[in-house]
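Below is start_6.txt, holding compact mmCIF, C-alpha atoms and all ligand atoms.
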# COMPACT_ATOMS: atom_id res chain seq x y z
CA MET A 1 123.79 36.56 50.64
CA GLY A 2 121.58 39.64 51.13
CA THR A 3 120.91 42.48 48.72
CA ILE A 4 123.36 43.62 46.07
CA LYS A 5 124.06 46.68 48.13
CA GLU A 6 124.92 44.54 51.13
CA GLU A 7 127.24 42.45 48.95
CA THR A 8 129.04 45.56 47.84
CA ARG A 9 129.43 46.80 51.38
CA VAL A 10 130.75 43.51 52.67
CA GLN A 11 133.15 43.13 49.76
CA ASN A 12 134.35 46.67 50.25
CA ALA A 13 135.10 45.86 53.89
CA ILE A 14 136.80 42.58 53.01
CA ASP A 15 139.08 44.50 50.66
CA ALA A 16 140.17 46.80 53.49
CA PHE A 17 141.63 44.06 55.71
CA ASN A 18 144.94 42.36 55.54
CA PHE A 19 143.57 38.87 54.82
CA GLN A 20 146.00 36.22 53.58
CA GLY A 21 145.71 34.42 50.24
CA GLU A 22 142.95 34.41 47.63
CA GLN A 23 139.38 35.19 48.59
CA LEU A 24 137.10 32.15 48.30
CA ALA A 25 133.70 32.99 49.80
CA TRP A 26 131.79 34.79 52.54
CA ILE A 27 128.54 33.99 54.37
CA PRO A 28 126.48 35.58 57.18
CA TYR A 29 127.40 33.76 60.36
CA GLY A 30 126.33 33.05 63.96
CA ASN A 31 123.35 33.92 66.16
CA GLY A 32 124.40 37.20 67.78
CA HIS A 33 121.68 39.75 68.57
CA ILE A 34 123.78 42.86 68.02
CA ASN A 35 126.47 42.93 65.33
CA ASP A 36 126.36 41.70 61.72
CA THR A 37 128.79 38.81 61.50
CA TYR A 38 130.28 37.18 58.40
CA LYS A 39 132.63 34.28 57.92
CA VAL A 40 135.12 35.08 55.18
CA ASP A 41 137.17 32.26 53.66
CA PHE A 42 140.55 32.92 52.11
CA SER A 43 142.88 30.29 50.66
CA GLU A 44 145.35 30.58 53.55
CA LYS A 45 143.12 31.40 56.50
CA ASN A 46 139.50 32.05 57.41
CA TYR A 47 138.23 35.14 59.17
CA ILE A 48 135.29 36.62 61.03
CA LEU A 49 134.28 40.04 59.74
CA GLN A 50 131.86 42.14 61.79
CA ARG A 51 129.98 45.30 61.20
CA ILE A 52 129.90 46.85 64.66
CA ASN A 53 126.44 48.04 65.58
CA HIS A 54 127.18 51.70 66.10
CA HIS A 55 123.68 52.46 67.38
CA THR A 56 124.49 50.18 70.30
CA PHE A 57 128.18 51.02 70.53
CA LYS A 58 128.46 54.76 70.05
CA ASP A 59 132.25 54.87 70.05
CA PRO A 60 133.58 51.99 67.90
CA GLU A 61 137.10 53.37 68.02
CA SER A 62 137.36 53.10 71.80
CA LEU A 63 135.63 49.73 71.67
CA VAL A 64 138.26 48.28 69.36
CA LYS A 65 141.01 49.84 71.48
CA ASN A 66 139.55 48.07 74.53
CA ILE A 67 139.72 44.77 72.66
CA GLU A 68 143.29 45.47 71.57
CA TYR A 69 144.39 46.11 75.18
CA VAL A 70 142.51 43.19 76.66
CA THR A 71 143.64 40.58 74.13
CA LYS A 72 147.24 41.81 74.44
CA HIS A 73 147.10 41.41 78.21
CA ILE A 74 145.59 37.95 77.93
CA LYS A 75 148.29 36.86 75.46
CA GLU A 76 150.98 38.02 77.87
CA LYS A 77 149.48 35.92 80.63
CA MET A 78 148.73 32.78 78.66
CA PRO A 79 151.01 29.87 79.58
CA GLU A 80 153.82 28.79 77.29
CA GLY A 81 152.68 26.43 74.57
CA SER A 82 149.27 28.11 74.23
CA ASN A 83 147.83 28.31 70.75
CA PHE A 84 147.16 32.02 70.18
CA ASP A 85 145.20 31.33 67.00
CA ARG A 86 142.57 29.34 68.85
CA GLU A 87 142.67 30.46 72.49
CA VAL A 88 142.32 34.22 72.24
CA LEU A 89 140.65 36.53 69.73
CA GLN A 90 143.20 37.86 67.23
CA LEU A 91 142.30 41.17 65.65
CA ILE A 92 143.32 41.57 61.99
CA SER A 93 144.81 44.88 60.90
CA LEU A 94 143.88 46.92 57.87
CA LYS A 95 145.91 46.68 54.65
CA ASN A 96 147.17 50.21 54.70
CA ASP A 97 148.11 50.68 58.35
CA ASN A 98 148.33 48.90 61.67
CA SER A 99 144.93 49.90 62.97
CA TYR A 100 142.03 47.51 63.39
CA LEU A 101 138.93 49.53 62.60
CA PHE A 102 137.62 50.22 59.11
CA ASN A 103 135.21 53.12 58.74
CA ASP A 104 133.61 52.83 55.30
CA GLU A 105 132.08 55.46 53.04
CA TYR A 106 128.57 54.41 54.14
CA GLY A 107 129.20 55.24 57.79
CA ASN A 108 129.70 51.62 58.89
CA TYR A 109 132.43 50.39 61.21
CA TRP A 110 134.08 47.02 60.61
CA ARG A 111 136.62 44.85 62.40
CA ALA A 112 137.92 41.38 61.75
CA TYR A 113 139.29 38.44 63.70
CA LEU A 114 141.02 35.26 62.79
CA PHE A 115 138.35 32.58 62.56
CA VAL A 116 138.82 30.06 65.37
CA GLU A 117 138.97 26.81 63.43
CA ASP A 118 137.31 23.58 64.49
CA SER A 119 135.28 25.27 67.17
CA VAL A 120 131.61 25.25 68.12
CA SER A 121 129.40 27.61 70.05
CA PHE A 122 126.14 26.38 71.54
CA ASP A 123 122.76 28.03 72.12
CA GLN A 124 121.96 25.22 74.51
CA VAL A 125 124.25 22.71 76.18
CA GLU A 126 123.92 18.99 75.53
CA ASN A 127 125.52 17.93 78.80
CA LYS A 128 127.05 19.11 82.06
CA GLU A 129 130.63 18.79 80.85
CA GLN A 130 130.11 21.34 78.09
CA PHE A 131 128.68 23.83 80.56
CA TYR A 132 131.55 23.20 82.97
CA GLU A 133 133.96 23.96 80.13
CA SER A 134 132.24 27.25 79.25
CA ALA A 135 132.36 28.19 82.94
CA TYR A 136 136.04 27.35 83.09
CA ALA A 137 136.70 29.63 80.10
CA PHE A 138 134.84 32.57 81.62
CA GLY A 139 136.49 31.96 85.01
CA LEU A 140 139.93 31.89 83.40
CA PHE A 141 139.09 35.09 81.55
CA GLN A 142 138.36 36.62 84.93
CA TYR A 143 141.68 35.35 86.24
CA TYR A 144 143.65 36.70 83.27
CA LEU A 145 142.15 40.14 83.69
CA SER A 146 142.33 40.23 87.49
CA ASP A 147 145.49 42.39 87.32
CA PHE A 148 144.44 44.45 84.32
CA ASP A 149 144.36 48.20 84.80
CA ALA A 150 140.66 48.95 84.38
CA THR A 151 141.23 52.70 84.06
CA VAL A 152 142.46 52.28 80.46
CA LEU A 153 139.12 50.83 79.37
CA SER A 154 136.28 52.90 77.97
CA GLU A 155 132.75 52.20 79.10
CA THR A 156 131.35 50.96 75.77
CA ILE A 157 127.73 51.10 76.97
CA LYS A 158 126.93 53.26 79.94
CA ASP A 159 125.08 51.59 82.83
CA PHE A 160 125.09 48.31 80.93
CA HIS A 161 124.31 46.12 83.95
CA ASN A 162 122.93 48.83 86.18
CA THR A 163 119.69 47.03 86.92
CA PRO A 164 117.88 49.99 88.56
CA VAL A 165 118.63 52.04 85.42
CA ARG A 166 117.26 49.19 83.30
CA LEU A 167 114.12 49.27 85.43
CA GLN A 168 113.83 53.02 84.93
CA ASN A 169 114.19 52.50 81.16
CA LEU A 170 111.32 50.04 81.33
CA LYS A 171 109.20 52.54 83.27
CA ASP A 172 109.97 55.21 80.65
CA ALA A 173 108.91 52.82 77.88
CA ILE A 174 105.69 52.03 79.77
CA GLU A 175 105.03 55.74 80.04
CA LYS A 176 105.62 56.34 76.32
CA ASP A 177 104.06 53.17 74.94
CA PRO A 178 104.57 54.43 71.36
CA LEU A 179 103.06 51.37 69.65
CA ASP A 180 100.17 50.80 72.03
CA ARG A 181 101.67 47.47 73.05
CA LEU A 182 101.35 47.99 76.81
CA LYS A 183 97.91 46.42 76.76
CA ASN A 184 99.49 43.10 75.73
CA VAL A 185 101.95 42.93 78.59
CA GLU A 186 100.19 43.85 81.82
CA GLU A 187 101.24 40.62 83.49
CA GLU A 188 104.89 40.97 82.47
CA VAL A 189 105.03 44.61 83.56
CA ASN A 190 103.61 43.72 86.97
CA PHE A 191 106.09 40.89 87.32
CA ALA A 192 108.96 43.31 86.82
CA LEU A 193 107.57 46.09 89.00
CA GLU A 194 106.89 43.69 91.90
CA ARG A 195 110.66 43.05 91.97
CA SER A 196 111.70 46.74 91.96
CA GLU A 197 113.30 46.62 95.37
CA PHE A 198 115.40 43.59 94.50
CA THR A 199 116.92 45.39 91.48
CA HIS A 200 118.84 47.69 93.88
CA LEU A 201 120.65 44.93 95.76
CA PHE A 202 124.04 45.04 94.01
CA THR A 203 124.18 48.81 93.55
CA GLN A 204 123.47 49.17 97.28
CA LEU A 205 126.15 46.64 98.25
CA PHE A 206 128.56 48.52 95.99
CA GLN A 207 127.77 51.84 97.66
CA GLU A 208 128.30 50.25 101.05
CA GLY A 209 131.70 48.92 99.90
CA THR A 210 130.73 45.24 100.16
CA LEU A 211 130.95 44.61 96.42
CA LYS A 212 133.84 45.71 94.22
CA LYS A 213 134.00 46.38 90.52
CA ARG A 214 136.63 44.64 88.43
CA VAL A 215 137.15 44.03 84.74
CA THR A 216 134.37 41.76 83.58
CA HIS A 217 133.13 40.41 80.25
CA ASN A 218 129.50 41.44 80.74
CA ASP A 219 128.00 39.24 78.02
CA THR A 220 128.78 35.74 79.17
CA LYS A 221 126.14 33.75 77.39
CA LEU A 222 127.02 30.33 76.17
CA ASN A 223 127.34 31.27 72.50
CA ASN A 224 130.03 33.79 73.43
CA VAL A 225 132.52 31.05 74.21
CA LEU A 226 133.97 28.66 71.66
CA LEU A 227 134.63 25.01 72.48
CA ASP A 228 136.73 22.57 70.53
CA LYS A 229 134.42 20.83 68.07
CA ASP A 230 135.76 17.34 68.81
CA ASN A 231 136.46 17.14 72.53
CA HIS A 232 134.28 20.11 73.60
CA LYS A 233 137.07 21.55 75.74
CA ALA A 234 137.02 25.31 76.33
CA LEU A 235 138.95 27.23 73.71
CA CYS A 236 138.23 30.91 73.51
CA VAL A 237 136.05 33.61 75.02
CA ILE A 238 134.65 35.83 72.26
CA ASP A 239 132.39 38.89 71.90
CA LEU A 240 134.60 41.26 73.86
CA ASP A 241 132.59 44.39 72.99
CA THR A 242 131.34 44.88 76.53
CA VAL A 243 134.53 44.16 78.46
CA MET A 244 134.61 46.95 81.06
CA PRO A 245 134.39 47.35 84.82
CA GLY A 246 131.47 45.49 86.36
CA PHE A 247 130.56 42.99 89.06
CA VAL A 248 131.85 39.44 88.72
CA LEU A 249 128.30 38.56 89.70
CA ASP A 250 127.04 39.96 86.40
CA ASP A 251 129.26 37.53 84.52
CA PHE A 252 128.22 34.61 86.67
CA GLY A 253 124.52 35.43 86.56
CA ASP A 254 124.29 36.00 82.84
CA SER A 255 125.80 32.60 82.14
CA ILE A 256 123.28 30.91 84.40
CA ARG A 257 120.41 32.84 82.82
CA PHE A 258 121.24 31.55 79.38
CA GLY A 259 122.99 28.24 79.87
CA ALA A 260 121.38 26.68 82.97
CA SER A 261 117.90 27.19 81.61
CA THR A 262 116.22 24.02 80.40
CA GLY A 263 114.99 25.83 77.28
CA LEU A 264 116.24 28.23 74.66
CA GLU A 265 116.13 31.96 75.33
CA ASP A 266 113.15 32.20 72.99
CA GLU A 267 111.33 28.96 73.89
CA LYS A 268 107.58 29.53 73.49
CA ASP A 269 106.46 26.60 75.63
CA LEU A 270 107.02 27.99 79.11
CA SER A 271 106.40 24.61 80.72
CA LYS A 272 109.83 23.67 79.37
CA ILE A 273 111.58 26.47 81.24
CA THR A 274 113.17 25.93 84.61
CA ILE A 275 116.64 26.13 86.13
CA ASP A 276 118.67 22.95 85.91
CA LEU A 277 120.38 22.72 89.30
CA ASP A 278 122.98 20.24 88.09
CA LEU A 279 124.03 22.73 85.44
CA TYR A 280 124.01 25.50 88.03
CA GLU A 281 126.41 23.52 90.19
CA ALA A 282 128.62 22.52 87.25
CA TYR A 283 128.94 26.19 86.32
CA ILE A 284 130.02 27.14 89.84
CA GLN A 285 132.68 24.43 89.75
CA GLY A 286 134.07 25.43 86.36
CA PHE A 287 133.95 29.17 87.05
CA LEU A 288 135.76 28.91 90.40
CA LYS A 289 138.34 26.53 88.96
CA GLY A 290 139.10 28.87 86.04
CA ALA A 291 139.21 31.98 88.24
CA GLN A 292 141.77 30.40 90.60
CA ASN A 293 140.79 32.01 93.92
CA LYS A 294 140.12 35.43 92.43
CA ILE A 295 136.48 35.29 93.50
CA GLU A 296 135.66 36.17 97.06
CA ASN A 297 133.18 34.59 99.45
CA THR A 298 131.10 37.77 99.55
CA GLU A 299 130.65 37.28 95.80
CA ILE A 300 130.13 33.51 95.81
CA GLU A 301 127.43 33.84 98.45
CA LEU A 302 125.45 36.02 96.08
CA PHE A 303 125.49 33.62 93.12
CA PRO A 304 121.76 32.84 93.44
CA GLU A 305 120.92 36.56 93.58
CA ALA A 306 123.22 37.15 90.60
CA SER A 307 121.41 34.52 88.56
CA LYS A 308 118.07 36.04 89.38
CA MET A 309 119.29 39.63 88.85
CA MET A 310 120.66 39.03 85.39
CA THR A 311 117.63 37.03 84.29
CA LEU A 312 115.25 39.68 85.56
CA GLU A 313 117.35 42.44 84.00
CA CYS A 314 117.51 40.72 80.64
CA GLY A 315 113.76 40.13 80.72
CA MET A 316 113.22 43.82 81.45
CA ARG A 317 115.50 44.75 78.54
CA PHE A 318 113.57 42.49 76.14
CA LEU A 319 110.28 43.93 77.43
CA THR A 320 111.51 47.51 77.04
CA ASP A 321 112.59 46.75 73.48
CA TYR A 322 109.21 45.15 72.73
CA LEU A 323 107.39 48.24 73.99
CA LEU A 324 109.66 50.58 72.04
CA GLY A 325 109.29 48.68 68.75
CA ASP A 326 112.15 46.16 68.64
CA THR A 327 114.94 48.53 67.78
CA TYR A 328 117.74 47.12 69.95
CA PHE A 329 117.83 43.31 69.74
CA LYS A 330 117.65 41.55 66.39
CA THR A 331 114.24 39.88 66.11
CA HIS A 332 113.09 37.21 63.67
CA TYR A 333 109.31 37.57 64.06
CA ASP A 334 106.78 40.05 65.44
CA ASP A 335 106.57 39.12 69.10
CA HIS A 336 110.09 37.76 69.42
CA ASN A 337 111.08 40.12 72.23
CA LEU A 338 107.88 39.34 74.09
CA VAL A 339 108.55 35.62 73.83
CA ARG A 340 112.06 36.22 75.15
CA THR A 341 110.67 38.33 78.01
CA ARG A 342 108.35 35.53 79.03
CA THR A 343 111.09 32.90 79.11
CA GLN A 344 113.23 35.18 81.28
CA PHE A 345 110.45 35.90 83.74
CA LYS A 346 109.44 32.24 83.88
CA LEU A 347 113.05 31.43 84.70
CA VAL A 348 113.09 34.06 87.46
CA ALA A 349 109.95 32.52 88.94
CA GLU A 350 111.52 29.06 88.76
CA MET A 351 114.64 30.32 90.53
CA GLU A 352 112.47 31.79 93.26
CA ASN A 353 110.75 28.42 93.63
CA GLN A 354 114.08 26.66 93.98
CA TRP A 355 115.78 29.36 96.03
CA GLU A 356 116.70 27.19 99.02
CA GLN A 357 118.25 24.54 96.79
CA MET A 358 120.27 27.18 94.94
CA LYS A 359 121.49 28.57 98.27
CA THR A 360 122.41 25.14 99.61
CA ILE A 361 124.41 24.25 96.51
CA THR A 362 126.18 27.61 96.56
CA HIS A 363 127.21 27.34 100.21
CA LYS A 364 129.18 24.19 99.48
CA TYR A 365 131.61 26.32 97.46
CA LEU A 366 132.43 29.03 100.00
CA GLN A 367 136.21 28.98 100.38
P1 LIG A 401 127.24 39.50 68.62
O1 LIG A 401 127.76 40.65 69.43
O2 LIG A 401 126.30 39.93 67.56
O3 LIG A 401 126.70 38.44 69.50
P2 LIG A 401 129.61 37.82 68.33
O4 LIG A 401 130.94 38.50 68.39
O5 LIG A 401 129.20 37.07 69.53
O6 LIG A 401 128.52 38.89 67.85
O7 LIG A 401 129.65 36.82 67.08
C1 LIG A 401 128.50 36.10 66.66
C2 LIG A 401 128.84 34.62 66.50
O8 LIG A 401 129.89 34.44 65.52
C3 LIG A 401 129.35 33.94 67.74
O9 LIG A 401 128.31 33.49 68.57
C4 LIG A 401 130.18 32.78 67.17
O10 LIG A 401 129.34 31.71 66.81
C5 LIG A 401 130.75 33.37 65.89
N1 LIG A 401 132.13 33.90 66.05
C6 LIG A 401 132.47 35.15 66.45
N2 LIG A 401 133.81 35.32 66.47
C7 LIG A 401 134.35 34.14 66.03
C8 LIG A 401 135.70 33.67 65.80
N3 LIG A 401 136.76 34.47 65.97
N4 LIG A 401 135.85 32.40 65.34
C9 LIG A 401 134.79 31.59 65.12
N5 LIG A 401 133.50 31.98 65.34
C10 LIG A 401 133.27 33.23 65.78
C1 LIG A 402 123.08 40.47 73.36
O1 LIG A 402 125.56 40.35 71.43
P1 LIG A 402 124.96 39.10 72.01
O2 LIG A 402 123.92 38.49 71.15
O3 LIG A 402 126.04 38.16 72.44
C2 LIG A 402 123.28 41.57 74.39
C3 LIG A 402 123.39 40.96 75.78
C4 LIG A 402 122.13 40.19 76.10
C5 LIG A 402 121.94 39.12 75.01
C6 LIG A 402 120.64 38.38 75.19
C7 LIG A 402 125.72 44.34 73.68
O4 LIG A 402 124.23 39.61 73.37
O5 LIG A 402 123.55 41.99 76.75
O6 LIG A 402 122.22 39.57 77.36
O7 LIG A 402 121.94 39.72 73.69
N1 LIG A 402 124.49 42.32 74.07
C8 LIG A 402 124.47 43.67 74.08
O8 LIG A 402 120.69 37.23 74.41
O9 LIG A 402 123.48 44.32 74.40
MG MG A 403 127.60 37.25 70.89
Represent the structure contained in this file as C-alpha cells.
Ligand code: ADP
Ligand code: GN1
Ligand code: MG
Amino acid sequence: MGTIKEETRVQNAIDAFNFQGEQLAWIPYGNGHINDTYKVDFSEKNYILQRINHHTFKDPESLVKNIEYVTKHIKEKMPEGSNFDREVLQLISLKNDNSYLFNDEYGNYWRAYLFVEDSVSFDQVENKEQFYESAYAFGLFQYYLSDFDATVLSETIKDFHNTPVRLQNLKDAIEKDPLDRLKNVEEEVNFALERSEFTHLFTQLFQEGTLKKRVTHNDTKLNNVLLDKDNHKALCVIDLDTVMPGFVLDDFGDSIRFGASTGLEDEKDLSKITIDLDLYEAYIQGFLKGAQNKIENTEIELFPEASKMMTLECGMRFLTDYLLGDTYFKTHYDDHNLVRTRTQFKLVAEMENQWEQMKTITHKYLQ
C-alpha cells in the first residue's frame, strides 16, 4: 500500500470526496503510465481515485472542466435506456461543494470517478472481437463529440500529437544527452531521423486544408476502454485527460499502434512484434461503425499513414524520455523506455514491410 506518507495522502483525498457508505479498502490500480490510480471500495459503491500528474498536466482545473463538459455532452446524446454508471465516466463531487477537483495541502490534485463495475481493460487483445469492440467504443466517442463545440476545451498538453514538434524534442534531447545515454541508441536515433520528412505529413495536409481538426480523445490505447467482463462488449471510454482538438487519424493510429501489435508495448523479444492485419481490419470496421459516417474518405485513406505516424511518434517520445532520464513515463526497470522505443520502431518497420497490404485493406472501406 506504499509508504505511510502515501497512505496519509490517499486517505486525506478519500475523505474529501462525496463517497457513499462506509469505507472498506483502497488499493493502487491499473497500468497507466501517467496518473496515480487507486480503487477505493465503499459499502455502497466503489470508486476510482486519481492523483492527476500535474507535471504532465499543468492546469488540472481546466483539465477537469474539460472532462465535465465532455461527459455531460455524451450523456445528453446517449440513447434512452443507457446505463450512465457503466457507459460514461461519472465524476464524483467533493463533500463540501459541487466541484470535482481536490487540491490537497501537499500540492497534489485529485479527482474521482464511479468505478465501472464488472469491466475489464486489456493490455493485449485475446481475439478480433474484443478489438472490434474497443474500436466501436472509440468510434462512437467520435460520433458523440462530432457536434461538440471544441472552442470550450482547453489544450491540456500543447502540441500533444504534433509529430514534427515531437521530433524536435528528440533532437533537443540528443543535443543535451544529460546522462550520456546517446551512445546506446545510435541505431534508434537514426531510425527516427531517417523518417523526418514523413513526420510532417499531417501538419502539411492540415495547412493545405485537406485535414480538419475535431474533438478527439488522443490516447486511444486499448487499456483506455473498458469492456464488459462477461461478454466483452464495449462499455466505456476512459482516460479523458487529453480530449481536445486533434486529427481523427491520431485516434485511429494510436489504437493500431497499441492493439494491433502482436506483442506488448514493452515486449523485449522483437521477433514477436509485427502488425496483425486481421486486427487492423477489425479495428477499421468497428471504428467506422461506431463513428456512423462522421469519418471522411480523405481521413480513411490515410489510416495506414496514421498507424505509422502514431507508432513512430510514440517511439520518439519513449526515446526522448530515455535520453532525458525517464521523467515522463512511469518505468518499472532501468531500460524500460528503451525497450518500449524498440518495440515501436520494430512495429513501424513491420508496417512499412506490409504497406501494400495495409493500403489494400483500407481501400475496401472508402465510402
Ligand atoms: P492513466 O492516465 O495513468 O493511464 P487511466 O485514467 O487510464 O490513467 O486509469 C488507469 C487504469 O485504471 C485504466 O487503464 C483502467 O484499468 C482503470 N480505470 C480507470 N478509470 C476507471 C473506472 N472509472 N472504472 C474502472 N476502472 C477504471
Ligand atoms: C500514456 O496515460 P496512459 O498510460 O493511458 C500517454 C500516451 C502514450 C501512452 C503510451 C498523457 O498513456 O500519450 O501513448 O502512455 N499519455 C500521456 O503507452 O502522455
Ligand atoms: Mg490510461
Please provide the set of residues having any atom within 7 Å of Leu323 of chain A, restricted to all atoms listed in the file, with same-chain residues fewer than 3 positions apart removed, written as a CSV table (one decimal) with C-alpha atoms, in the coordinates of the input.
chain,number,residue,atom,x,y,z
A,173,ALA,CA,108.9,52.8,77.9
A,177,ASP,CA,104.1,53.2,74.9
A,179,LEU,CA,103.1,51.4,69.6
A,181,ARG,CA,101.7,47.5,73.0
A,182,LEU,CA,101.4,48.0,76.8
A,319,LEU,CA,110.3,43.9,77.4
A,320,THR,CA,111.5,47.5,77.0
- Item | Distance in Å - atom CA of Gly21 of chain A versus atom CA of Lys229 of chain A |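 Taking atom CA of Gly21 of chain A and atom CA of Lys229 of chain A, their separation equals 25.1 Å.
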- Query: Quick one: of A:Asp228, A:Glu133, A:Asp159, A:Glu105, who's nearest to Gly290 of chain A, counting only C-alpha atoms?
  - Reply: A:Glu133
Please produce, as JSON lines, a per-residue contact table for chain A versus ligand LIG 401 (chain A) (criterion: any atom at most 10 Å away, only C-alpha atoms and all ligand atoms considered), showing the nearest atom pair and its distance in Å to one decimal, sorted by chain then residue number.
{"residue": "A:Pro28", "atom": "CA", "partner": "A:LIG401", "partner_atom": "O8", "distance": 9.1}
{"residue": "A:Tyr29", "atom": "CA", "partner": "A:LIG401", "partner_atom": "O8", "distance": 5.8}
{"residue": "A:Gly30", "atom": "CA", "partner": "A:LIG401", "partner_atom": "C2", "distance": 3.9}
{"residue": "A:Asn31", "atom": "CA", "partner": "A:LIG401", "partner_atom": "O9", "distance": 5.5}
{"residue": "A:Gly32", "atom": "CA", "partner": "A:LIG401", "partner_atom": "O3", "distance": 3.1}
{"residue": "A:His33", "atom": "CA", "partner": "A:LIG401", "partner_atom": "O2", "distance": 4.7}
{"residue": "A:Ile34", "atom": "CA", "partner": "A:LIG401", "partner_atom": "O2", "distance": 3.9}
{"residue": "A:Asn35", "atom": "CA", "partner": "A:LIG401", "partner_atom": "O2", "distance": 3.7}
{"residue": "A:Asp36", "atom": "CA", "partner": "A:LIG401", "partner_atom": "O2", "distance": 6.1}
{"residue": "A:Thr37", "atom": "CA", "partner": "A:LIG401", "partner_atom": "C1", "distance": 5.8}
{"residue": "A:Tyr38", "atom": "CA", "partner": "A:LIG401", "partner_atom": "O8", "distance": 7.6}
{"residue": "A:Lys39", "atom": "CA", "partner": "A:LIG401", "partner_atom": "N5", "distance": 7.8}
{"residue": "A:Asn46", "atom": "CA", "partner": "A:LIG401", "partner_atom": "N4", "distance": 8.7}
{"residue": "A:Tyr47", "atom": "CA", "partner": "A:LIG401", "partner_atom": "N3", "distance": 7.0}
{"residue": "A:Ile48", "atom": "CA", "partner": "A:LIG401", "partner_atom": "N3", "distance": 5.6}
{"residue": "A:Leu49", "atom": "CA", "partner": "A:LIG401", "partner_atom": "N2", "distance": 8.2}
{"residue": "A:Gln50", "atom": "CA", "partner": "A:LIG401", "partner_atom": "O4", "distance": 7.6}
{"residue": "A:Arg51", "atom": "CA", "partner": "A:LIG401", "partner_atom": "O2", "distance": 9.1}
{"residue": "A:Ile52", "atom": "CA", "partner": "A:LIG401", "partner_atom": "O1", "distance": 8.1}
{"residue": "A:Asn53", "atom": "CA", "partner": "A:LIG401", "partner_atom": "O2", "distance": 8.3}
{"residue": "A:Asp85", "atom": "CA", "partner": "A:LIG401", "partner_atom": "N3", "distance": 9.1}
{"residue": "A:Arg86", "atom": "CA", "partner": "A:LIG401", "partner_atom": "N4", "distance": 8.2}
{"residue": "A:Glu87", "atom": "CA", "partner": "A:LIG401", "partner_atom": "N3", "distance": 9.7}
{"residue": "A:Val88", "atom": "CA", "partner": "A:LIG401", "partner_atom": "N3", "distance": 8.4}
{"residue": "A:Leu89", "atom": "CA", "partner": "A:LIG401", "partner_atom": "N3", "distance": 5.8}
{"residue": "A:Gln90", "atom": "CA", "partner": "A:LIG401", "partner_atom": "N3", "distance": 7.4}
{"residue": "A:Leu91", "atom": "CA", "partner": "A:LIG401", "partner_atom": "N3", "distance": 8.7}
{"residue": "A:Ala112", "atom": "CA", "partner": "A:LIG401", "partner_atom": "N3", "distance": 8.2}
{"residue": "A:Tyr113", "atom": "CA", "partner": "A:LIG401", "partner_atom": "N3", "distance": 5.2}
{"residue": "A:Leu114", "atom": "CA", "partner": "A:LIG401", "partner_atom": "N3", "distance": 5.4}
{"residue": "A:Phe115", "atom": "CA", "partner": "A:LIG401", "partner_atom": "N4", "distance": 3.7}
{"residue": "A:Val116", "atom": "CA", "partner": "A:LIG401", "partner_atom": "N4", "distance": 3.8}
{"residue": "A:Glu117", "atom": "CA", "partner": "A:LIG401", "partner_atom": "C9", "distance": 6.6}
{"residue": "A:Asp118", "atom": "CA", "partner": "A:LIG401", "partner_atom": "C9", "distance": 8.4}
{"residue": "A:Ser119", "atom": "CA", "partner": "A:LIG401", "partner_atom": "C9", "distance": 6.7}
{"residue": "A:Val120", "atom": "CA", "partner": "A:LIG401", "partner_atom": "O10", "distance": 7.0}
{"residue": "A:Ser121", "atom": "CA", "partner": "A:LIG401", "partner_atom": "O10", "distance": 5.2}
{"residue": "A:Phe122", "atom": "CA", "partner": "A:LIG401", "partner_atom": "O10", "distance": 7.8}
{"residue": "A:Asp123", "atom": "CA", "partner": "A:LIG401", "partner_atom": "O9", "distance": 8.6}
{"residue": "A:Asp219", "atom": "CA", "partner": "A:LIG401", "partner_atom": "O3", "distance": 8.7}
{"residue": "A:Thr220", "atom": "CA", "partner": "A:LIG401", "partner_atom": "O5", "distance": 9.7}
{"residue": "A:Lys221", "atom": "CA", "partner": "A:LIG401", "partner_atom": "O5", "distance": 9.1}
{"residue": "A:Leu222", "atom": "CA", "partner": "A:LIG401", "partner_atom": "O9", "distance": 8.3}
{"residue": "A:Asn223", "atom": "CA", "partner": "A:LIG401", "partner_atom": "O9", "distance": 4.6}
{"residue": "A:Asn224", "atom": "CA", "partner": "A:LIG401", "partner_atom": "O5", "distance": 5.2}
{"residue": "A:Val225", "atom": "CA", "partner": "A:LIG401", "partner_atom": "O9", "distance": 7.4}
{"residue": "A:Leu226", "atom": "CA", "partner": "A:LIG401", "partner_atom": "N5", "distance": 7.2}
{"residue": "A:Leu227", "atom": "CA", "partner": "A:LIG401", "partner_atom": "C9", "distance": 9.9}
{"residue": "A:Cys236", "atom": "CA", "partner": "A:LIG401", "partner_atom": "N3", "distance": 8.5}
{"residue": "A:Val237", "atom": "CA", "partner": "A:LIG401", "partner_atom": "N2", "distance": 9.0}
{"residue": "A:Ile238", "atom": "CA", "partner": "A:LIG401", "partner_atom": "N2", "distance": 5.9}
{"residue": "A:Asp239", "atom": "CA", "partner": "A:LIG401", "partner_atom": "O4", "distance": 3.8}
{"residue": "A:Leu240", "atom": "CA", "partner": "A:LIG401", "partner_atom": "O4", "distance": 7.1}
{"residue": "A:Asp241", "atom": "CA", "partner": "A:LIG401", "partner_atom": "O1", "distance": 7.1}
{"residue": "A:Thr242", "atom": "CA", "partner": "A:LIG401", "partner_atom": "O1", "distance": 9.0}
{"residue": "A:Phe329", "atom": "CA", "partner": "A:LIG401", "partner_atom": "O2", "distance": 9.4}
{"residue": "A:Lys330", "atom": "CA", "partner": "A:LIG401", "partner_atom": "O2", "distance": 8.9}
- Task: List the neighbours of segment 276-283 of chain A out to 6 Å using all atoms listed in the file; skip same-chain residues closer than 4 positions along the sequence, and give me the result as a PyMOL selection string.
- Result: chain A and resi 128+132+135+260+287
Hey, what's within 7 Å of segment 139-146 of chain A if we count only C-alpha atoms and toss same-chain stuff fewer than 3 positions away? As a PDB file with C-alpha atoms, in the coordinates of the input, please?
ATOM      1  CA  ILE A  74     145.590  37.950  77.930  1.00  0.00           C
ATOM      2  CA  LYS A  77     149.480  35.920  80.630  1.00  0.00           C
ATOM      3  CA  ALA A 135     132.360  28.190  82.940  1.00  0.00           C
ATOM      4  CA  TYR A 136     136.040  27.350  83.090  1.00  0.00           C
ATOM      5  CA  VAL A 215     137.150  44.030  84.740  1.00  0.00           C
ATOM      6  CA  THR A 216     134.370  41.760  83.580  1.00  0.00           C
ATOM      7  CA  PHE A 287     133.950  29.170  87.050  1.00  0.00           C
ATOM      8  CA  LEU A 288     135.760  28.910  90.400  1.00  0.00           C
ATOM      9  CA  LYS A 289     138.340  26.530  88.960  1.00  0.00           C
ATOM     10  CA  GLY A 290     139.100  28.870  86.040  1.00  0.00           C
ATOM     11  CA  ALA A 291     139.210  31.980  88.240  1.00  0.00           C
ATOM     12  CA  GLN A 292     141.770  30.400  90.600  1.00  0.00           C
ATOM     13  CA  LYS A 294     140.120  35.430  92.430  1.00  0.00           C
TER      14      LYS A 294
END
